[in-house]
Structure formats: structure tokens, C-alpha cells
Amino acid sequence: TLGRVIDSRDPALPEGEIVLHRHGWRTHSVVRPDEARRLPHHDGVPLSAHLGILGGTGLTAYVGLTRIAQLREGEDLFVSAAAGGVGTATGRLARLMGAGRLVGSAGTPEKVAYLTERVGYDAAFDYHAGPVADLLAKAAPTGIDVYVDNVGGDHLGAAIGVLREHGRVVRVGTVGQYNTPDAPPVRFDHADVVEKSLRMEGFLVRNHQEVREELYEFAVPRLVSGQLALDETVVTGFDRIVDAFLSMLRGGNTGKMIVRGS
Ligand SMILES: NC(=O)c1ccc[n+]([C@@H]2O[C@H](COP(=O)([O-])OP(=O)(O)OC[C@H]3O[C@@H](n4cnc5c(N)ncnc54)[C@H](OP(=O)(O)O)[C@@H]3O)[C@@H](O)[C@H]2O)c1
């Protein structure tokens, strides 16, 4: 949550400052100084960027690409839930880092068009249009080097099938299974992992907060110059926050889902 300080006994957090805190969904919070992070002032960068590309969402994408995948220039990527917050950030950052071909999957034809027309993906598909393995094989006929996995399930199995030798799976999330905990386990060819020398690694962004300054150095000048754009769906009205959250889980958002209080 981003909030404006309206009263403070700490000179380091004066009235009027914008802070980020984790007290959850509320209009007013009483926070201790160590629970609120004062936002840096970057001229020309909208505040909402601190919830998206400069916030936990962008940091997840940045850590996934630089620390977990250790992406090298020219490498080809596949990203699932590509039109969401982490997915759009991953696509845009990977493009700026010199990635090769970018392939994404999303849940509607409109999102597929958004990925290729706006975010910079080279190819994208709607995962409802058939078996994911077939759709991915068609979209990435010569294979991929890195799979950024926001979804799990069939997407993960399909990606392992098309990864090249020394490919990496970055396990970011499992949104395809959050509402179906009884879903069958993911099926993939276990021999592939050995024969192609694959690596799969998961991570939690909260364990990589020290990378934030590096993300700022990379992203802020590019936001200011316009090389990097924001992808967000903004819902206005604090009382719509639960609906917005549930809508995000069902795919109602393109880019980061943000609720503006009023
Ligand atoms: N590891 C970490 O520290 C970390 C940090 C932040 C987020 N995450 C994870 O990263 C993933 C993305 O998070 P986000 O905040 O950026 O959310 P998001 O991608 O903006 O929103 C979730 C998206 O998931 C897609 N989705 C829902 N059900 C699906 C299904 N059954 N199969 C495929 N896609 C489905 C929907 O898009 P469609 O219309 O395309 O279906 C929806 O827009 C989540 O798994 C989240 O838990 C992990």
C-alpha cells in the first residue's frame, strides 16, 4: 500500500511524504517508522510505478531474470501469465536487457494482442485455444532458453518439453493452481531435465530486497526517457478492493492491478 503521511512524530517521515507499508487494505494506518518505507523522489515517474515496475512486481521480474535465470543477451524466453503484473514487467525488462525472442501466454485474444502490439513480445497465444504443449511448440518452434513460470500446471510441463540444453525454469508462482488445490500433479518428462541439463529454481522476492537499488538504476532512467512504460489496470474506490483482487485472480487485469482509494 502507498499512503501519504498525515501526522508524524518522526522527523524522518514528515507530513506529506508518500510511504509504502504492508498494513494491508485500509484507508488509514498507524505505522512505526521501521514499518514504512519513504519512497524515493524520481521526477517524471508516476507514483503507481512504485506498486508495479518499481515495486515488488518489478523486483520479482528483475530478480527472476538477472539472479535466477541469469539471462544472457540473445536468449529466448517464454513467460506465462504474460499480460499480468509480473509477466508484463518480465517482458519489458527482458527486451531492454537484450533478450532474443519473447513468447508469452495469456487468457484472452485481447491480452495476446496487447502483448505483441504494446509490450514487445514477438509471439503470444491464448492458452484456452488448445493444449498448451501444442500452442507453445507452434509459438516457439526452435525452442526456448528460459521459462518464467507464473502459472505451473500444463504450462510448466509444456515449457520443459521445449527448453533447449542448459535451459532454466524460473518458478515465480502457481496461479493456475491457487483455486484448484486438488489439481493433479504436473506431468513432464523427467529424463528431459537430465538429458538437456536443465535447472529449475524458485524464489521469493522478499529474500532479494537488496536488489531494489539496482532495479531503480536500471528502470528509472528508462521510465523517464519513455523506453519503459507502465502496464496497469486501475480500479477507483476503496470499497472495490476485494472485487479488484478477485478479478485479478480471474484474469480481469492487464498489467498490475491497482486500486486507487478515491
Ligand atoms: N515469487 C515471488 O516472490 C512472487 C512475487 C509476486 C508475484 N508472484 C507470483 O507471480 C504470479 C503473477 O503475479 P501477479 O501479481 O503479477 O498477478 P497477475 O499476473 O497480474 O494476475 C494473475 C493472472 O493470472 C492469470 N491466471 C489466472 N488463472 C490462471 C490459470 N488457471 N492459468 C493461467 N493463468 C491464470 C490471469 O491472467 P490470464 O487472463 O492470462 O489468465 C491473471 O491476470 C502469481 O503466481 C504470483 O503468486 C510471486
# chains A, B, ... in the order shown; residues from 1 in each chain; ligands from 1
>>> closest_atom_pairs(of="chain A", to="ligand 1", cutoff="6 Å", atoms="only C-alpha atoms and all ligand atoms", output="JSON lines")
{"residue": "A:Thr57", "atom": "CA", "partner": "ligand 1", "partner_atom_place_in_ligand_line": "6 (C)", "distance": 5.5}
{"residue": "A:Thr60", "atom": "CA", "partner": "ligand 1", "partner_atom_place_in_ligand_line": "5 (C)", "distance": 5.3}
{"residue": "A:Ala81", "atom": "CA", "partner": "ligand 1", "partner_atom_place_in_ligand_line": "40 (O)", "distance": 4.6}
{"residue": "A:Ala83", "atom": "CA", "partner": "ligand 1", "partner_atom_place_in_ligand_line": "40 (O)", "distance": 5.9}
{"residue": "A:Gly84", "atom": "CA", "partner": "ligand 1", "partner_atom_place_in_ligand_line": "20 (O)", "distance": 3.3}
{"residue": "A:Gly85", "atom": "CA", "partner": "ligand 1", "partner_atom_place_in_ligand_line": "16 (O)", "distance": 3.5}
{"residue": "A:Val86", "atom": "CA", "partner": "ligand 1", "partner_atom_place_in_ligand_line": "16 (O)", "distance": 3.7}
{"residue": "A:Ala106", "atom": "CA", "partner": "ligand 1", "partner_atom_place_in_ligand_line": "40 (O)", "distance": 3.4}
{"residue": "A:Gly107", "atom": "CA", "partner": "ligand 1", "partner_atom_place_in_ligand_line": "39 (O)", "distance": 3.6}
{"residue": "A:Thr108", "atom": "CA", "partner": "ligand 1", "partner_atom_place_in_ligand_line": "39 (O)", "distance": 5.9}
{"residue": "A:Asn150", "atom": "CA", "partner": "ligand 1", "partner_atom_place_in_ligand_line": "11 (C)", "distance": 4.3}
{"residue": "A:Val151", "atom": "CA", "partner": "ligand 1", "partner_atom_place_in_ligand_line": "33 (C)", "distance": 5.3}
{"residue": "A:Val172", "atom": "CA", "partner": "ligand 1", "partner_atom_place_in_ligand_line": "1 (N)", "distance": 4.2}
{"residue": "A:Gly173", "atom": "CA", "partner": "ligand 1", "partner_atom_place_in_ligand_line": "45 (O)", "distance": 3.2}
{"residue": "A:Thr174", "atom": "CA", "partner": "ligand 1", "partner_atom_place_in_ligand_line": "45 (O)", "distance": 4.5}
{"residue": "A:Val175", "atom": "CA", "partner": "ligand 1", "partner_atom_place_in_ligand_line": "45 (O)", "distance": 4.1}
{"residue": "A:Gly176", "atom": "CA", "partner": "ligand 1", "partner_atom_place_in_ligand_line": "31 (N)", "distance": 3.3}
{"residue": "A:Phe203", "atom": "CA", "partner": "ligand 1", "partner_atom_place_in_ligand_line": "1 (N)", "distance": 5.2}
{"residue": "A:Leu204", "atom": "CA", "partner": "ligand 1", "partner_atom_place_in_ligand_line": "3 (O)", "distance": 3.4}
{"residue": "A:Val205", "atom": "CA", "partner": "ligand 1", "partner_atom_place_in_ligand_line": "3 (O)", "distance": 3.7}
{"residue": "A:Met248", "atom": "CA", "partner": "ligand 1", "partner_atom_place_in_ligand_line": "21 (O)", "distance": 5.0}
{"residue": "A:Leu249", "atom": "CA", "partner": "ligand 1", "partner_atom_place_in_ligand_line": "22 (C)", "distance": 5.0}
{"residue": "A:Arg250", "atom": "CA", "partner": "ligand 1", "partner_atom_place_in_ligand_line": "27 (C)", "distance": 5.0}
{"residue": "A:Gly251", "atom": "CA", "partner": "ligand 1", "partner_atom_place_in_ligand_line": "43 (O)", "distance": 3.4}
{"residue": "A:Gly252", "atom": "CA", "partner": "ligand 1", "partner_atom_place_in_ligand_line": "43 (O)", "distance": 5.8}
{"residue": "A:Asn253", "atom": "CA", "partner": "ligand 1", "partner_atom_place_in_ligand_line": "43 (O)", "distance": 5.1}
{"residue": "A:Gly255", "atom": "CA", "partner": "ligand 1", "partner_atom_place_in_ligand_line": "20 (O)", "distance": 5.7}
{"residue": "A:Lys256", "atom": "CA", "partner": "ligand 1", "partner_atom_place_in_ligand_line": "20 (O)", "distance": 5.1}
>>> write_last_selection(atoms="N, CA and C atoms", output="CSV table (one decimal), in the first residue's frame")
chain,number,residue,atom,x,y,z
A,57,THR,N,6.4,-6.2,-7.7
A,57,THR,CA,6.1,-6.8,-9.0
A,57,THR,C,7.3,-6.7,-9.9
A,60,THR,N,10.3,-8.7,-8.6
A,60,THR,CA,10.2,-10.1,-8.9
A,60,THR,C,10.7,-10.4,-10.3
A,81,ALA,N,1.2,-16.2,-17.8
A,81,ALA,CA,0.5,-15.1,-17.3
A,81,ALA,C,1.3,-13.8,-17.7
A,83,ALA,N,0.5,-11.3,-19.5
A,83,ALA,CA,-0.2,-10.0,-19.6
A,83,ALA,C,-0.5,-9.5,-18.2
A,84,GLY,N,0.0,-10.2,-17.1
A,84,GLY,CA,-0.3,-9.7,-15.8
A,84,GLY,C,0.9,-8.8,-15.3
A,85,GLY,N,0.9,-8.5,-14.0
A,85,GLY,CA,1.9,-7.6,-13.5
A,85,GLY,C,3.3,-8.1,-13.7
A,86,VAL,N,3.6,-9.2,-13.1
A,86,VAL,CA,4.9,-9.8,-13.3
A,86,VAL,C,5.3,-10.1,-14.7
A,106,ALA,N,-1.4,-15.9,-22.4
A,106,ALA,CA,-2.4,-15.2,-21.6
A,106,ALA,C,-3.8,-15.7,-21.9
A,107,GLY,N,-4.8,-15.2,-21.2
A,107,GLY,CA,-6.1,-15.8,-21.2
A,107,GLY,C,-7.1,-15.3,-22.1
A,108,THR,N,-6.8,-14.2,-22.9
A,108,THR,CA,-7.8,-13.7,-23.9
A,108,THR,C,-7.1,-13.2,-25.1
A,150,ASN,N,4.8,-18.3,-14.1
A,150,ASN,CA,3.9,-17.7,-13.1
A,150,ASN,C,2.7,-18.6,-12.8
A,151,VAL,N,2.6,-19.7,-13.5
A,151,VAL,CA,1.3,-20.4,-13.6
A,151,VAL,C,1.4,-21.9,-13.1
A,172,VAL,N,8.2,-18.7,-10.4
A,172,VAL,CA,7.8,-17.4,-9.7
A,172,VAL,C,6.5,-17.7,-9.0
A,173,GLY,N,5.5,-18.4,-9.6
A,173,GLY,CA,4.2,-18.6,-8.9
A,173,GLY,C,3.4,-19.7,-9.6
A,174,THR,N,2.2,-20.0,-9.0
A,174,THR,CA,1.5,-21.1,-9.4
A,174,THR,C,0.0,-20.7,-9.5
A,175,VAL,N,-0.3,-19.6,-10.1
A,175,VAL,CA,-1.6,-19.0,-10.1
A,175,VAL,C,-2.6,-20.0,-10.8
A,176,GLY,N,-2.2,-20.8,-11.7
A,176,GLY,CA,-3.1,-21.8,-12.3
A,176,GLY,C,-3.7,-22.8,-11.3
A,203,PHE,N,11.9,-18.8,-6.1
A,203,PHE,CA,12.5,-17.8,-5.2
A,203,PHE,C,11.3,-17.0,-4.7
A,204,LEU,N,11.5,-16.3,-3.6
A,204,LEU,CA,10.6,-15.3,-3.0
A,204,LEU,C,11.2,-14.0,-3.0
A,205,VAL,N,10.5,-13.0,-3.6
A,205,VAL,CA,11.1,-11.7,-3.8
A,205,VAL,C,11.5,-11.0,-2.4
A,248,MET,N,-8.5,-9.9,-10.3
A,248,MET,CA,-7.1,-10.2,-10.7
A,248,MET,C,-6.9,-11.7,-10.8
A,249,LEU,N,-7.4,-12.4,-9.8
A,249,LEU,CA,-7.1,-13.9,-9.8
A,249,LEU,C,-7.9,-14.6,-11.0
A,250,ARG,N,-8.9,-13.9,-11.5
A,250,ARG,CA,-9.7,-14.5,-12.6
A,250,ARG,C,-9.2,-13.9,-13.9
A,251,GLY,N,-8.2,-13.1,-13.9
A,251,GLY,CA,-7.7,-12.5,-15.2
A,251,GLY,C,-8.3,-11.2,-15.6
A,252,GLY,N,-9.0,-10.5,-14.7
A,252,GLY,CA,-9.6,-9.2,-15.1
A,252,GLY,C,-8.7,-8.1,-15.3
A,253,ASN,N,-7.4,-8.3,-15.0
A,253,ASN,CA,-6.4,-7.2,-15.1
A,253,ASN,C,-5.5,-7.4,-16.4
A,255,GLY,N,-1.6,-6.0,-17.0
A,255,GLY,CA,-0.6,-5.4,-16.2
A,255,GLY,C,-1.0,-5.4,-14.7
A,256,LYS,N,-0.3,-4.6,-13.9
A,256,LYS,CA,-0.5,-4.6,-12.5
A,256,LYS,C,-1.9,-4.1,-12.1
>>> residues_around(residues="A:Val132", least_positions_apart="3", cutoff="8 Å", atoms="only C-alpha atoms", output="list of chain:residue names")
A:Tyr127, A:Leu135, A:Leu136, A:Asp154, A:His155, A:Ala158
>>> closest_residue(among="A:Thr66, A:Val194, A:Phe218, A:Ala183", to="A:Val146", atoms="only C-alpha atoms")
A:Thr66
>>> closest_residue(among="A:Asp34, A:Pro181, A:Asn207, A:Lys196", to="A:Gly161", atoms="only C-alpha atoms")
A:Lys196
>>> closest_residue(among="A:Ala229, A:Val259, A:Val193, A:Val19", to="A:Leu39", atoms="only C-alpha atoms")
A:Val19
>>> residues_around(residues="A:Leu228", least_positions_apart="5", cutoff="7 Å", atoms="only C-alpha atoms", output="list in words")
Arg92, Arg222 and Leu223 of chain A
